[in-house]
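The block underneath contains the structure these notes are about, expressed in structure tokens.
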Amino acid sequence: MSSALLEDLRARGLIFQIAGEDELPAWLDGGTRTLYCGFDPTADSLHIGSLVPLLMLRRFQHAGHKPLALVGGATGLIGDPSFKAQERQLNTPDVVAGWVDKLKKQVSQFIDFDGSETSAEVVNNLDWTANMDVLTFLRDVGKHFSINAMIQKESVKQRIEREGSGISYTEFTYMILQSFDFAELNERYDCTLQIGGSDQWGNITGGIDLTRRLHGKQVFGLTMPLITKADGTKFGKTESGTIWLDANKTSPYAFYQFWLGCADADVYRFLKYFTFLDVAEIEEIERADAERQGRPEAQGVLAREVTSLVHGDEGLAAAERITESLFSGSIDSLAESDLAQLRQDGLPASAMTRDAFPETLTQLLTEAGMAASGKQVKDALGRNAVTINSRPVGWEANADVSGCFDPEAALYGRYYLVKLGKKKYHLFEIG
RNA sequence: GGAGGGGUUCCCGAGUGGCCAAAGGGAUCAGACUGUAAAUCUGACGCGAAAGCUUCGGUGGUUCGAAUCCACCCCCCUCCA
């Protein structure tokens, strides 16, 4: 059953490298195995970059294995230097501890805790490092690492070779800490597989070596490819920033829109990476899209699948509701309750009173976050790209804010839906 | 410690006394086209509604005038020790 898993993963393009490739299929077929993936608290939420490994844990769980989600309360205090161009700023322990709590919850929603043999667990590496003293660490762990080997690792090579950037002793030690995690999880949970992004290869093989040296056990490693985009830009960022998994940082609507806007050249690959749809099913979608000669279905499928995975059915419904009203329906036909709902669903919105109006529209819309500067608003106004409740507003109206928000034009006496460009909406509630 | 080369607007990268808010490219935003695409074309792109204000590693100085010259300082790169 599990070599079938590996086959599926391979068909999805989710396997980059495997350590112990020859033995791993048989090992997985031989029973329920425990695997882990680490997530370091570098912010108060994970972003979609962590989604592939998270879903990977779930894929393994579905295939009958036991996933451990490790939240790096310890490693997060140190900072992973892997392929980072420069030394990172350390965060304070209490900040990191706060992030650990948040990530624990976040990570938990992707795996099942049913108490069965394959029940997931969340662990924190601070539990076994916090009280370890330096001498023990150096004698029992450090002794197994060869500096000669460590500086050969691709992940830190540029930091070591490039003068100027350099690497601190602290970050250099990161690999040892993570390696120790693997060995420790092997002891505690009989964990025999570590998965991670391709940038983690060095850290993972470090853990494999240490586990063998410390416990004489053979363990495995598997890495996933770096998610790339066909146009070469970085995946997971948009003009408005990182796409987070936390609904408070990236609303389900924005999240849904992110996937909906995915390029044709990427979308089928992403369906394989980010959804649980069968590969055959995805290929069928691709075929149908190619024949249709119009707007592809794939983006919609992707957006629905991933949004529902991350934000649940409710989040998806909210996202679809907003999308439907803004892009398909007529704004004027929205019921009062719809407008209230949109706001609750995460459509950017703000409330203000008439006497709080700034002098100009450029100020108002910039402050509302619709544009980065007044110049951009000016440009949009000059091109008739701004509408208020579907009524076009021109540059000449810039200084006439109250005229633009004429009570006569309000929806239900207080709502104004402002649109800038084709995709940016903001709901103003004027009291 | 010695010798040389650098730090320019989000990024890359021109610019060596006025014509510089600073070429060009990328990114980004907006328009046309379209599928809320891609490609392409157009406009914008330090801040400001405007008057105007603030930038070229930092601090002072020379000058009517400095990103450009001078002094000192900070940081980076290459080579030597």
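Each chain in the structure tokens gets a letter, A, B and so on, in the order shown; residues start at 1 in every chain, and ligands are counted from 1 in the order they appear.
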
For chain B against chain A, with a cut-off of 9 Å and counting only C-alpha atoms (C1' of nucleotides), what is the closest atom pair and its distance in Å to one decimal for every residue that makes the cut, ordered by chain and number, as a Markdown table?
```
| residue | atom | partner | partner_atom | distance |
| --- | --- | --- | --- | --- |
| B:U28 | C1' | A:Glu239 | CA | 6.9 |
| B:C29 | C1' | A:Gln376 | CA | 6.3 |
| B:A30 | C1' | A:Ala380 | CA | 5.4 |
| B:G31 | C1' | A:Arg383 | CA | 6.4 |
| B:G35 | C1' | A:Arg295 | CA | 4.5 |
| B:U36 | C1' | A:Lys423 | CA | 6.2 |
| B:A37 | C1' | A:Ala263 | CA | 6.7 |
| B:A38 | C1' | A:Ala263 | CA | 7.5 |
| B:G43 | C1' | A:Asp379 | CA | 8.3 |
| B:A44 | C1' | A:Asp379 | CA | 6.5 |
| B:C45 | C1' | A:Gln376 | CA | 8.3 |
| B:C47 | C1' | A:Ser373 | CA | 8.5 |
| B:G48 | C1' | A:Gly374 | CA | 7.9 |
| B:A49 | C1' | A:Thr360 | CA | 6.5 |
| B:C76 | C1' | A:Gly164 | CA | 6.8 |
| B:C77 | C1' | A:Gly164 | CA | 8.1 |
```

Considering only C-alpha atoms (C1' of nucleotides), return as number ranges by chain whatever protein or nucleic-acid residues lie within 9 Å of Ala351 of chain A, sequence-local ones (same chain, fewer than 6 positions apart) excluded.
A: 427-431

Okay, now the selection with N, CA and C atoms, as a tab-separated table (two decimals), in the first residue's frame?
```
chain	number	residue	atom	x	y	z
A	427	LEU	N	-15.12	48.24	0.98
A	427	LEU	CA	-16.46	48.62	1.39
A	427	LEU	C	-16.38	49.69	2.47
A	428	PHE	N	-16.99	50.83	2.19
A	428	PHE	CA	-17.04	51.90	3.20
A	428	PHE	C	-18.42	51.94	3.81
A	429	GLU	N	-18.42	51.99	5.12
A	429	GLU	CA	-19.70	52.18	5.79
A	429	GLU	C	-19.65	53.57	6.40
A	430	ILE	N	-20.48	54.45	5.88
A	430	ILE	CA	-20.45	55.83	6.33
A	430	ILE	C	-21.60	56.08	7.29
A	431	GLY	N	-21.23	56.41	8.51
A	431	GLY	CA	-22.26	56.60	9.52
A	431	GLY	C	-22.65	58.05	9.68
```

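Taking atom CA of Leu334 of chain A and atom CA of Pro392 of chain A as the two end points, the separation is 18.5 Å.
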
Among the residues of segment 63-227 of chain A, find those DSSP assigns to alpha helix (DSSP H) from the backbone and print them as an MDAnalysis selection string.
chainID A and resid 75:78 93:108 126:129 134:136 147:150 154:161 169:172 174:189 201:215

Report as a VMD selection string: the residues of segment 187-427 of chain A with a DSSP assignment of strand (DSSP E), based on the backbone of this structure.
chain A and resid 191 to 197 220 to 224 237 to 238 241 to 242 349 to 352 386 to 388 391 to 393 415 to 420 424 to 427

Considering only C-alpha atoms (C1' of nucleotides), return as a tab-separated table (two decimals) with N, CA and C atoms (P, O5', C5', C4', C3', O3' and C1' of nucleotides), in the first residue's frame whatever protein or nucleic-acid residues lie within 12 Å of A81 of chain B, sequence-local ones (same chain, fewer than 5 positions apart) excluded.
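Output saved as around-v6.tsv:
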```tsv
chain	number	residue	atom	x	y	z
B	1	G	P	44.16	47.63	11.73
B	1	G	O5'	45.43	47.50	10.89
B	1	G	C5'	46.57	48.23	11.25
B	1	G	C4'	47.66	47.71	10.38
B	1	G	C3'	47.53	48.08	8.91
B	1	G	O3'	48.00	49.39	8.66
B	1	G	C1'	48.06	45.79	9.09
B	2	G	P	47.38	50.21	7.43
B	2	G	O5'	48.05	49.51	6.17
B	2	G	C5'	49.43	49.73	5.87
B	2	G	C4'	49.79	49.04	4.59
B	2	G	C3'	48.96	49.45	3.38
B	2	G	O3'	49.43	50.65	2.79
B	2	G	C1'	49.09	47.10	3.46
B	3	A	P	48.42	51.61	2.04
B	3	A	O5'	48.10	50.79	0.71
B	3	A	C5'	49.11	50.64	-0.29
B	3	A	C4'	48.57	49.85	-1.45
B	3	A	C3'	47.24	50.34	-2.03
B	3	A	O3'	47.40	51.46	-2.90
B	3	A	C1'	47.14	48.01	-1.77
```

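Atom CA of His426 of chain A lies 17.2 Å from atom CA of Ala356 of chain A.
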
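In this model, the gap between atom CA of Ile243 of chain A and atom CA of Ile48 of chain A comes to 6.1 Å.
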
Which polymer residues have any atom within 12 Å of an atom of segment 12-20 of chain B, counting only C-alpha atoms (C1' of nucleotides), with same-chain residues fewer than 5 positions away left out, as a PyMOL selection string?
chain B and resi 25-27+55-56+62-69

With a distance cut-off of 12 Å and only C-alpha atoms (C1' of nucleotides), select the neighbouring residues of Leu177 of chain A, excluding the residue or stretch itself and same-chain residues fewer than 3 positions from it, and output the selection as JSON, numbers by chain.
{"A": [38, 72, 73, 74, 75, 76, 77, 78, 79, 80, 125, 126, 128, 129, 130, 132, 137, 138, 141, 142, 145, 170, 171, 172, 173, 174, 180, 181, 182, 183, 184, 203, 204, 206, 207, 210]}

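Residues in contact range of Met224 of chain A, defined as at most 9 Å between only C-alpha atoms (C1' of nucleotides), with sequence neighbours fewer than 2 positions away removed, read Gly13, Leu14, Ile15, Phe16, Gln17, Val52, Pro53, Ile195, Gly196, Gly197, Ser198, Asp199, Leu222, Leu226 and Ile227 of chain A.
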
Which residues come within 10 Å of A32 of chain B, counting only C-alpha atoms (C1' of nucleotides), excluding same-chain residues fewer than 2 positions away, as a VMD selection string?
chain B and resid 34 41 to 42

Selected residues written out with N, CA and C atoms (P, O5', C5', C4', C3', O3' and C1' of nucleotides), as a PDB file, in the first residue's frame:
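Below you can see again_22.pdb, which holds the result:
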```
ATOM      1  P     U B  34     -11.332  41.781 -26.358  1.00  0.00           P
ATOM      2  O5'   U B  34     -10.668  40.752 -25.340  1.00  0.00           O
ATOM      3  C5'   U B  34     -10.581  39.375 -25.660  1.00  0.00           C
ATOM      4  C4'   U B  34      -9.880  38.648 -24.552  1.00  0.00           C
ATOM      5  C3'   U B  34     -10.757  38.168 -23.403  1.00  0.00           C
ATOM      6  O3'   U B  34     -11.387  36.952 -23.735  1.00  0.00           O
ATOM      7  C1'   U B  34      -8.767  39.153 -22.547  1.00  0.00           C
ATOM      8  P     C B  41       5.505  45.412 -26.229  1.00  0.00           P
ATOM      9  O5'   C B  41       4.466  46.578 -26.445  1.00  0.00           O
ATOM     10  C5'   C B  41       4.143  47.009 -27.757  1.00  0.00           C
ATOM     11  C4'   C B  41       2.911  47.883 -27.706  1.00  0.00           C
ATOM     12  C3'   C B  41       2.977  49.015 -26.687  1.00  0.00           C
ATOM     13  O3'   C B  41       3.698  50.139 -27.170  1.00  0.00           O
ATOM     14  C1'   C B  41       0.919  47.898 -26.469  1.00  0.00           C
ATOM     15  P     U B  42       4.483  51.038 -26.161  1.00  0.00           P
ATOM     16  O5'   U B  42       3.305  51.804 -25.424  1.00  0.00           O
ATOM     17  C5'   U B  42       2.461  52.693 -26.150  1.00  0.00           C
ATOM     18  C4'   U B  42       1.431  53.291 -25.220  1.00  0.00           C
ATOM     19  C3'   U B  42       1.986  53.918 -23.955  1.00  0.00           C
ATOM     20  O3'   U B  42       2.471  55.230 -24.180  1.00  0.00           O
ATOM     21  C1'   U B  42       0.128  52.558 -23.401  1.00  0.00           C
TER      22        U B  42
END
```
